[in-house]
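Student: Below are the C-alpha coordinates for one structure; questions will follow.
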Amino acid sequence: METYKLRVNGEAKEVTVDPGTPLLWVLREDLKMTGTKYGCGIAACGACTVHLGGVATRSCVVPVSLVGDRPIVTIEGIGEDPVGRAVQKAWVSEDVVQCGYCQSGQIMSAVALLKSAPKPTESNIEESMGGNLCRCATYVRIREAIKIAAQQMS
Amino acid sequence: MVCARKAMPRIFLVVLIACAIGPAMPPRAWGQSASGKDAATPATRDAGLAAWQQVYSVLTHPRCVNCHTATNYPQQGDDRHRHLVNVVRGPGDKGVPGLNCATCHQSANAESTGVPGGPNWHLAPLSMKWQDPQDRILSSAQVCQSLTDRAKNHNLDGAGILKHHEEEPLVLWAFQPGHRRDGTARSLPPLTHDEFVAATRTWVEAGTPCPKNP
(Lines give C-alpha, C1' and ligand atoms only; values in the text may rest on other atoms or scores of the structure.)
Protein backbone atom coordinates (compact mmCIF):
# COMPACT_ATOMS: atom_id res chain seq x y z
CA MET A 1 0.00 0.00 0.00
CA GLU A 2 1.14 3.51 -0.80
CA THR A 3 -0.23 6.91 0.07
CA TYR A 4 -1.06 9.25 -2.79
CA LYS A 5 -1.95 12.92 -2.69
CA LEU A 6 -4.46 13.74 -5.38
CA ARG A 7 -6.17 16.93 -6.48
CA VAL A 8 -9.75 16.13 -7.41
CA ASN A 9 -12.09 18.88 -8.60
CA GLY A 10 -9.80 21.42 -6.99
CA GLU A 11 -9.68 19.72 -3.62
CA ALA A 12 -6.69 17.99 -2.08
CA LYS A 13 -7.33 14.32 -1.30
CA GLU A 14 -5.16 11.63 0.20
CA VAL A 15 -5.62 7.91 -0.28
CA THR A 16 -3.68 4.87 0.81
CA VAL A 17 -4.11 2.10 -1.74
CA ASP A 18 -2.26 -0.50 -3.76
CA PRO A 19 -0.22 1.33 -6.46
CA GLY A 20 -1.90 -0.70 -9.18
CA THR A 21 -5.41 0.34 -8.19
CA PRO A 22 -7.15 1.97 -11.16
CA LEU A 23 -8.04 5.60 -10.62
CA LEU A 24 -11.71 4.69 -11.17
CA TRP A 25 -11.78 2.57 -8.05
CA VAL A 26 -9.93 5.18 -6.01
CA LEU A 27 -12.60 7.69 -7.00
CA ARG A 28 -15.54 5.39 -6.42
CA GLU A 29 -14.47 3.27 -3.46
CA ASP A 30 -12.01 5.41 -1.55
CA LEU A 31 -13.31 8.91 -2.27
CA LYS A 32 -16.97 7.84 -2.65
CA MET A 33 -17.36 9.83 -5.85
CA THR A 34 -19.66 7.50 -7.74
CA GLY A 35 -20.58 9.79 -10.62
CA THR A 36 -17.84 8.19 -12.71
CA LYS A 37 -19.09 4.80 -13.86
CA TYR A 38 -17.59 1.37 -14.34
CA GLY A 39 -18.61 0.05 -17.74
CA CYS A 40 -16.22 -2.41 -19.33
CA GLY A 41 -13.03 -2.09 -17.30
CA ILE A 42 -10.83 -2.20 -20.42
CA ALA A 43 -11.16 1.35 -21.75
CA ALA A 44 -13.50 0.20 -24.47
CA CYS A 45 -16.73 2.00 -23.55
CA GLY A 46 -15.81 5.41 -22.13
CA ALA A 47 -18.15 5.33 -19.12
CA CYS A 48 -15.24 5.92 -16.74
CA THR A 49 -13.90 9.03 -18.50
CA VAL A 50 -12.46 11.78 -16.32
CA HIS A 51 -10.10 14.63 -17.12
CA LEU A 52 -6.55 14.02 -16.01
CA GLY A 53 -4.32 17.02 -16.50
CA GLY A 54 -6.95 18.34 -18.89
CA VAL A 55 -6.98 15.21 -21.03
CA ALA A 56 -10.06 13.01 -21.25
CA THR A 57 -8.80 9.79 -19.67
CA ARG A 58 -10.21 6.32 -19.14
CA SER A 59 -9.88 6.04 -15.37
CA CYS A 60 -10.47 2.28 -15.38
CA VAL A 61 -7.06 1.57 -16.92
CA VAL A 62 -4.89 4.21 -15.25
CA PRO A 63 -3.21 2.96 -12.08
CA VAL A 64 -3.20 5.59 -9.38
CA SER A 65 0.60 5.31 -9.30
CA LEU A 66 0.74 6.93 -12.76
CA VAL A 67 -1.49 9.89 -11.94
CA GLY A 68 1.33 11.99 -10.49
CA ASP A 69 0.52 15.60 -9.76
CA ARG A 70 -1.94 16.02 -12.60
CA PRO A 71 -5.26 17.51 -11.49
CA ILE A 72 -8.33 15.31 -11.81
CA VAL A 73 -11.75 16.59 -12.83
CA THR A 74 -14.74 14.29 -12.61
CA ILE A 75 -18.38 14.63 -13.56
CA GLU A 76 -19.01 15.99 -10.07
CA GLY A 77 -16.76 18.97 -10.80
CA ILE A 78 -17.21 19.60 -14.51
CA GLY A 79 -20.11 21.99 -13.91
CA GLU A 80 -17.65 24.47 -12.41
CA ASP A 81 -16.09 24.83 -15.84
CA PRO A 82 -17.83 27.18 -18.33
CA VAL A 83 -17.61 24.60 -21.11
CA GLY A 84 -18.77 21.88 -18.77
CA ARG A 85 -21.70 24.04 -17.70
CA ALA A 86 -22.69 24.71 -21.31
CA VAL A 87 -22.56 21.01 -22.12
CA GLN A 88 -24.65 20.05 -19.11
CA LYS A 89 -27.28 22.68 -20.00
CA ALA A 90 -27.42 21.40 -23.56
CA TRP A 91 -27.75 17.85 -22.27
CA VAL A 92 -30.79 18.91 -20.28
CA SER A 93 -32.35 21.00 -23.02
CA GLU A 94 -32.00 18.19 -25.54
CA ASP A 95 -33.18 15.59 -23.02
CA VAL A 96 -30.22 13.46 -24.03
CA VAL A 97 -30.27 10.95 -21.23
CA GLN A 98 -32.18 7.69 -21.30
CA CYS A 99 -30.84 5.25 -18.70
CA GLY A 100 -27.96 7.60 -18.01
CA TYR A 101 -25.26 5.11 -17.16
CA CYS A 102 -22.82 6.20 -19.87
CA GLN A 103 -23.65 9.88 -19.76
CA SER A 104 -21.04 11.10 -17.31
CA GLY A 105 -18.40 9.69 -19.64
CA GLN A 106 -20.16 11.14 -22.66
CA ILE A 107 -20.19 14.59 -21.07
CA MET A 108 -16.53 14.40 -20.08
CA SER A 109 -15.54 13.50 -23.63
CA ALA A 110 -17.80 16.17 -25.11
CA VAL A 111 -16.23 18.82 -22.88
CA ALA A 112 -12.75 17.72 -23.93
CA LEU A 113 -13.81 18.00 -27.56
CA LEU A 114 -15.29 21.47 -27.18
CA LYS A 115 -12.31 22.79 -25.27
CA SER A 116 -10.09 21.90 -28.24
CA ALA A 117 -12.60 22.46 -31.02
CA PRO A 118 -15.18 25.09 -29.97
CA LYS A 119 -16.89 24.78 -33.35
CA PRO A 120 -16.67 21.07 -34.07
CA THR A 121 -17.56 19.60 -37.42
CA GLU A 122 -19.64 16.47 -37.81
CA SER A 123 -16.38 14.63 -38.38
CA ASN A 124 -14.85 16.08 -35.20
CA ILE A 125 -17.84 14.88 -33.19
CA GLU A 126 -17.80 11.47 -34.85
CA GLU A 127 -14.11 10.91 -34.15
CA SER A 128 -13.93 12.36 -30.66
CA MET A 129 -17.07 10.65 -29.37
CA GLY A 130 -16.40 7.39 -31.21
CA GLY A 131 -15.00 5.72 -28.11
CA ASN A 132 -18.02 6.41 -25.91
CA LEU A 133 -20.69 3.76 -26.20
CA CYS A 134 -24.36 4.15 -25.33
CA ARG A 135 -26.53 1.05 -25.19
CA CYS A 136 -29.63 3.23 -25.26
CA ALA A 137 -28.36 4.65 -28.56
CA THR A 138 -28.74 8.29 -27.58
CA TYR A 139 -26.10 9.18 -30.14
CA VAL A 140 -28.32 11.47 -32.20
CA ARG A 141 -29.27 13.55 -29.17
CA ILE A 142 -25.65 13.60 -27.95
CA ARG A 143 -24.58 14.98 -31.30
CA GLU A 144 -27.25 17.67 -31.25
CA ALA A 145 -26.45 18.63 -27.67
CA ILE A 146 -22.78 19.10 -28.55
CA LYS A 147 -23.76 21.40 -31.40
CA ILE A 148 -26.08 23.40 -29.16
CA ALA A 149 -23.40 23.73 -26.48
CA ALA A 150 -20.98 24.96 -29.15
CA GLN A 151 -23.53 27.55 -30.29
CA GLN A 152 -24.14 28.73 -26.75
CA MET A 153 -20.44 29.17 -26.18
CA SER A 154 -19.81 31.19 -29.36
CA MET B 1 15.65 -14.92 -33.41
CA VAL B 2 18.19 -17.66 -34.09
CA CYS B 3 19.11 -16.20 -37.46
CA ALA B 4 19.46 -12.76 -35.95
CA ARG B 5 21.84 -13.92 -33.26
CA LYS B 6 23.96 -15.95 -35.69
CA ALA B 7 24.46 -12.81 -37.71
CA MET B 8 25.85 -10.80 -34.84
CA PRO B 9 29.51 -11.91 -34.98
CA ARG B 10 29.56 -10.74 -38.57
CA ILE B 11 28.15 -7.40 -37.52
CA PHE B 12 30.77 -6.93 -34.86
CA LEU B 13 33.45 -7.75 -37.41
CA VAL B 14 32.02 -5.09 -39.64
CA VAL B 15 32.08 -2.60 -36.80
CA LEU B 16 35.80 -3.25 -36.42
CA ILE B 17 36.37 -2.84 -40.14
CA ALA B 18 34.26 0.28 -40.20
CA CYS B 19 36.23 1.77 -37.32
CA ALA B 20 39.48 1.00 -39.10
CA ILE B 21 38.46 2.67 -42.33
CA GLY B 22 36.08 5.19 -40.82
CA PRO B 23 38.09 8.33 -41.58
CA ALA B 24 38.01 7.51 -45.28
CA MET B 25 34.24 7.21 -45.35
CA PRO B 26 31.81 9.99 -46.13
CA PRO B 27 29.87 11.41 -43.19
CA ARG B 28 26.64 10.02 -44.57
CA ALA B 29 25.36 8.48 -47.74
CA TRP B 30 22.40 6.44 -48.93
CA GLY B 31 24.63 3.79 -50.44
CA GLN B 32 25.81 6.28 -52.97
CA SER B 33 27.77 9.48 -52.76
CA ALA B 34 26.57 12.79 -54.15
CA SER B 35 28.39 11.96 -57.37
CA GLY B 36 26.30 8.86 -57.75
CA LYS B 37 29.20 6.48 -57.19
CA ASP B 38 29.23 3.96 -54.38
CA ALA B 39 30.36 5.70 -51.24
CA ALA B 40 31.44 2.60 -49.32
CA THR B 41 33.79 -0.14 -50.32
CA PRO B 42 31.98 -3.27 -51.56
CA ALA B 43 32.80 -5.17 -48.39
CA THR B 44 31.51 -2.43 -46.16
CA ARG B 45 28.43 -1.97 -48.27
CA ASP B 46 27.66 -5.69 -48.11
CA ALA B 47 28.09 -5.67 -44.37
CA GLY B 48 25.95 -2.57 -44.15
CA LEU B 49 23.21 -4.22 -46.16
CA ALA B 50 23.38 -7.28 -43.91
CA ALA B 51 23.12 -5.03 -40.87
CA TRP B 52 20.19 -3.22 -42.46
CA GLN B 53 18.31 -6.50 -42.75
CA GLN B 54 18.75 -6.92 -39.01
CA VAL B 55 17.45 -3.41 -38.44
CA TYR B 56 14.53 -4.10 -40.81
CA SER B 57 13.62 -7.22 -38.85
CA VAL B 58 13.09 -5.02 -35.79
CA LEU B 59 11.35 -2.14 -37.55
CA THR B 60 8.77 -4.49 -39.00
CA HIS B 61 8.04 -6.30 -35.75
CA PRO B 62 4.54 -5.52 -34.44
CA ARG B 63 5.96 -3.59 -31.46
CA CYS B 64 7.32 -1.09 -33.97
CA VAL B 65 5.27 -1.32 -37.13
CA ASN B 66 1.89 -1.16 -35.36
CA CYS B 67 2.41 2.58 -35.01
CA HIS B 68 3.96 3.10 -38.45
CA THR B 69 0.74 2.65 -40.38
CA ALA B 70 -0.31 4.23 -43.66
CA THR B 71 -3.87 4.61 -42.44
CA ASN B 72 -5.68 6.89 -40.03
CA TYR B 73 -5.50 4.35 -37.22
CA PRO B 74 -2.87 2.46 -35.24
CA GLN B 75 -2.77 -1.30 -34.86
CA GLN B 76 -2.61 -3.61 -31.85
CA GLY B 77 -1.27 -7.04 -31.04
CA ASP B 78 0.98 -9.47 -32.83
CA ASP B 79 -1.75 -9.97 -35.44
CA ARG B 80 -1.63 -6.21 -36.06
CA HIS B 81 -5.38 -5.76 -35.93
CA ARG B 82 -6.91 -2.32 -36.10
CA HIS B 83 -6.79 -0.52 -32.76
CA LEU B 84 -10.01 -1.01 -30.82
CA VAL B 85 -12.35 1.72 -29.68
CA ASN B 86 -12.47 3.65 -32.95
CA VAL B 87 -9.13 5.28 -32.27
CA VAL B 88 -8.03 7.55 -35.12
CA ARG B 89 -4.71 9.17 -35.98
CA GLY B 90 -5.78 12.80 -35.63
CA PRO B 91 -4.00 15.83 -37.08
CA GLY B 92 -0.94 15.55 -34.81
CA ASP B 93 -0.65 11.73 -34.83
CA LYS B 94 -1.86 11.67 -31.20
CA GLY B 95 -5.55 10.99 -31.65
CA VAL B 96 -8.30 13.58 -31.35
CA PRO B 97 -9.67 15.60 -28.41
CA GLY B 98 -11.59 13.25 -26.14
CA LEU B 99 -9.87 10.26 -27.67
CA ASN B 100 -6.15 10.99 -27.60
CA CYS B 101 -3.47 8.37 -27.28
CA ALA B 102 -3.09 9.70 -23.72
CA THR B 103 -6.72 8.88 -23.03
CA CYS B 104 -5.41 5.41 -22.18
CA HIS B 105 -1.63 5.33 -22.70
CA GLN B 106 0.27 6.91 -19.83
CA SER B 107 3.96 7.70 -19.45
CA ALA B 108 4.82 4.10 -18.51
CA ASN B 109 3.36 0.63 -18.88
CA ALA B 110 0.33 0.15 -16.64
CA GLU B 111 1.14 -3.34 -15.47
CA SER B 112 -1.96 -3.74 -13.31
CA THR B 113 -4.32 -2.98 -16.18
CA GLY B 114 -2.25 -4.19 -19.13
CA VAL B 115 -2.20 -0.93 -21.07
CA PRO B 116 1.20 -0.18 -22.61
CA GLY B 117 2.65 3.25 -22.12
CA GLY B 118 5.65 5.48 -22.62
CA PRO B 119 6.45 9.18 -22.77
CA ASN B 120 4.60 11.08 -25.48
CA TRP B 121 2.80 8.03 -26.86
CA HIS B 122 1.89 8.71 -30.48
CA LEU B 123 1.80 7.34 -33.99
CA ALA B 124 4.72 7.80 -36.33
CA PRO B 125 3.94 10.44 -38.95
CA LEU B 126 2.55 9.27 -42.27
CA SER B 127 5.89 10.14 -43.89
CA MET B 128 7.35 7.29 -41.83
CA LYS B 129 4.72 4.75 -42.84
CA TRP B 130 6.16 1.29 -43.16
CA GLN B 131 2.95 -0.27 -44.41
CA ASP B 132 0.77 0.28 -47.42
CA PRO B 133 -2.85 1.42 -47.15
CA GLN B 134 -3.92 -2.23 -47.04
CA ASP B 135 -1.78 -2.75 -43.91
CA ARG B 136 0.84 -4.81 -45.78
CA ILE B 137 4.38 -4.22 -44.55
CA LEU B 138 6.59 -2.49 -47.09
CA SER B 139 9.65 -4.22 -48.51
CA SER B 140 13.09 -3.87 -47.05
CA ALA B 141 14.12 -1.52 -49.85
CA GLN B 142 11.03 0.64 -49.45
CA VAL B 143 11.41 1.01 -45.68
CA CYS B 144 15.11 1.75 -46.07
CA GLN B 145 14.48 4.42 -48.68
CA SER B 146 11.81 5.99 -46.53
CA LEU B 147 13.90 5.92 -43.37
CA THR B 148 16.87 7.54 -45.07
CA ASP B 149 14.92 10.21 -46.92
CA ARG B 150 15.61 13.38 -44.99
CA ALA B 151 12.53 14.98 -46.48
CA LYS B 152 10.50 12.33 -44.67
CA ASN B 153 12.47 11.54 -41.53
CA HIS B 154 12.59 14.92 -39.80
CA ASN B 155 15.88 15.64 -41.55
CA LEU B 156 17.84 12.97 -39.69
CA ASP B 157 21.22 11.98 -41.07
CA GLY B 158 22.74 8.62 -40.25
CA ALA B 159 23.96 9.81 -36.87
CA GLY B 160 20.52 11.17 -36.16
CA ILE B 161 18.88 7.85 -37.00
CA LEU B 162 21.36 6.05 -34.76
CA LYS B 163 20.62 8.45 -31.91
CA HIS B 164 16.89 7.93 -32.47
CA HIS B 165 17.31 4.18 -32.22
CA GLU B 166 19.51 4.52 -29.17
CA GLU B 167 17.49 7.01 -27.15
CA GLU B 168 13.94 7.65 -28.36
CA PRO B 169 11.67 6.58 -25.48
CA LEU B 170 9.12 4.88 -27.71
CA VAL B 171 11.88 2.93 -29.46
CA LEU B 172 13.12 1.84 -26.04
CA TRP B 173 9.55 0.88 -25.10
CA ALA B 174 9.49 -1.69 -27.92
CA PHE B 175 12.12 -3.67 -26.06
CA GLN B 176 10.31 -3.42 -22.72
CA PRO B 177 6.67 -3.55 -23.79
CA GLY B 178 5.32 -4.95 -20.56
CA HIS B 179 2.48 -7.38 -20.07
CA ARG B 180 -0.99 -7.81 -21.42
CA ARG B 181 -4.03 -7.62 -19.21
CA ASP B 182 -3.95 -11.40 -18.74
CA GLY B 183 -0.40 -11.19 -17.39
CA THR B 184 1.35 -12.69 -20.41
CA ALA B 185 4.34 -10.83 -21.76
CA ARG B 186 4.11 -8.95 -25.03
CA SER B 187 6.37 -10.40 -27.70
CA LEU B 188 9.72 -8.75 -28.26
CA PRO B 189 11.51 -7.70 -31.45
CA PRO B 190 13.98 -10.28 -32.80
CA LEU B 191 17.04 -8.39 -31.50
CA THR B 192 17.83 -6.97 -28.10
CA HIS B 193 18.10 -3.21 -27.95
CA ASP B 194 21.89 -3.44 -27.75
CA GLU B 195 21.95 -5.66 -30.83
CA PHE B 196 19.56 -3.32 -32.63
CA VAL B 197 21.77 -0.31 -31.91
CA ALA B 198 24.91 -2.23 -32.97
CA ALA B 199 23.26 -3.22 -36.25
CA THR B 200 22.11 0.34 -36.83
CA ARG B 201 25.62 1.62 -36.12
CA THR B 202 27.11 -0.82 -38.63
CA TRP B 203 24.58 0.19 -41.24
CA VAL B 204 25.17 3.90 -40.61
CA GLU B 205 28.94 3.52 -40.72
CA ALA B 206 28.55 1.72 -44.04
CA GLY B 207 26.76 4.78 -45.38
CA THR B 208 23.14 3.62 -44.77
CA PRO B 209 23.01 1.51 -47.94
CA CYS B 210 19.58 0.36 -49.09
CA PRO B 211 18.72 -2.80 -51.00
CA LYS B 212 18.19 -2.10 -54.68
CA ASN B 213 15.27 -4.43 -55.26
CA PRO B 214 11.82 -3.21 -54.19
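The way I read the labels, and the way they are meant: chains A, B, ... in the order of the C-alpha coordinates, residue 1 as the first residue of every chain, and ligand 1 as the first ligand shown, with later ones counted on from there.
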Using only C-alpha atoms and a distance of at most 10 Å, pull out the residues of chain B that contact chain A, as a PyMOL selection string.
Tutor: chain B and resi 84-90+95-115+181
Student: What is the CA of Glu29 (chain A) to CA of Thr3 (chain A) distance in Å?
Tutor: 15.1 Å
Student: In Å, with one decimal, what is the gap from CA of Leu24 (chain A) to CA of Pro116 (chain B)?
Tutor: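 CA of Pro116 (chain B) lies at a distance of 17.9 Å from CA of Leu24 (chain A).
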Student: List every residue of region 11-147 of chain A that DSSP, applied to the backbone of this structure, places in strand (DSSP E), and write the result as JSON, numbers by chain.
Tutor: {"A": [11, 12, 13, 14, 15, 16, 17, 49, 50, 51, 52, 55, 56, 57, 58, 72, 73]}
Student: Hey, what's within 7 Å of region 186-196 of chain B if we count only C-alpha atoms and toss same-chain stuff fewer than 6 positions away? As a list in words, please?
Tutor: Met1, Ala4, Val55, Ser57, Val58, His61, Arg63, Phe175, Pro177, Gly178, His179 and Arg180 of chain B
Student: Would you please extract all alpha helix (DSSP H) residues from chain A, as assigned by DSSP on the backbone, and give them as a VMD selection string?
Tutor: chain A and resid 23 to 25 82 to 93 103 to 116 122 to 128 139 to 153
Student: Between CA of Pro169 (chain B) and CA of Gln142 (chain B), what distance in Å does the model show, to one decimal?
Tutor: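 Distance reported for this atom pair: 24.7 Å.
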Student: What's around Glu14 (chain A) at 8 Å? Count only C-alpha atoms, leave out sequence neighbours fewer than 5 positions away in its own chain, and write the answer as a ChimeraX atom specification.
Tutor: /A:3-6
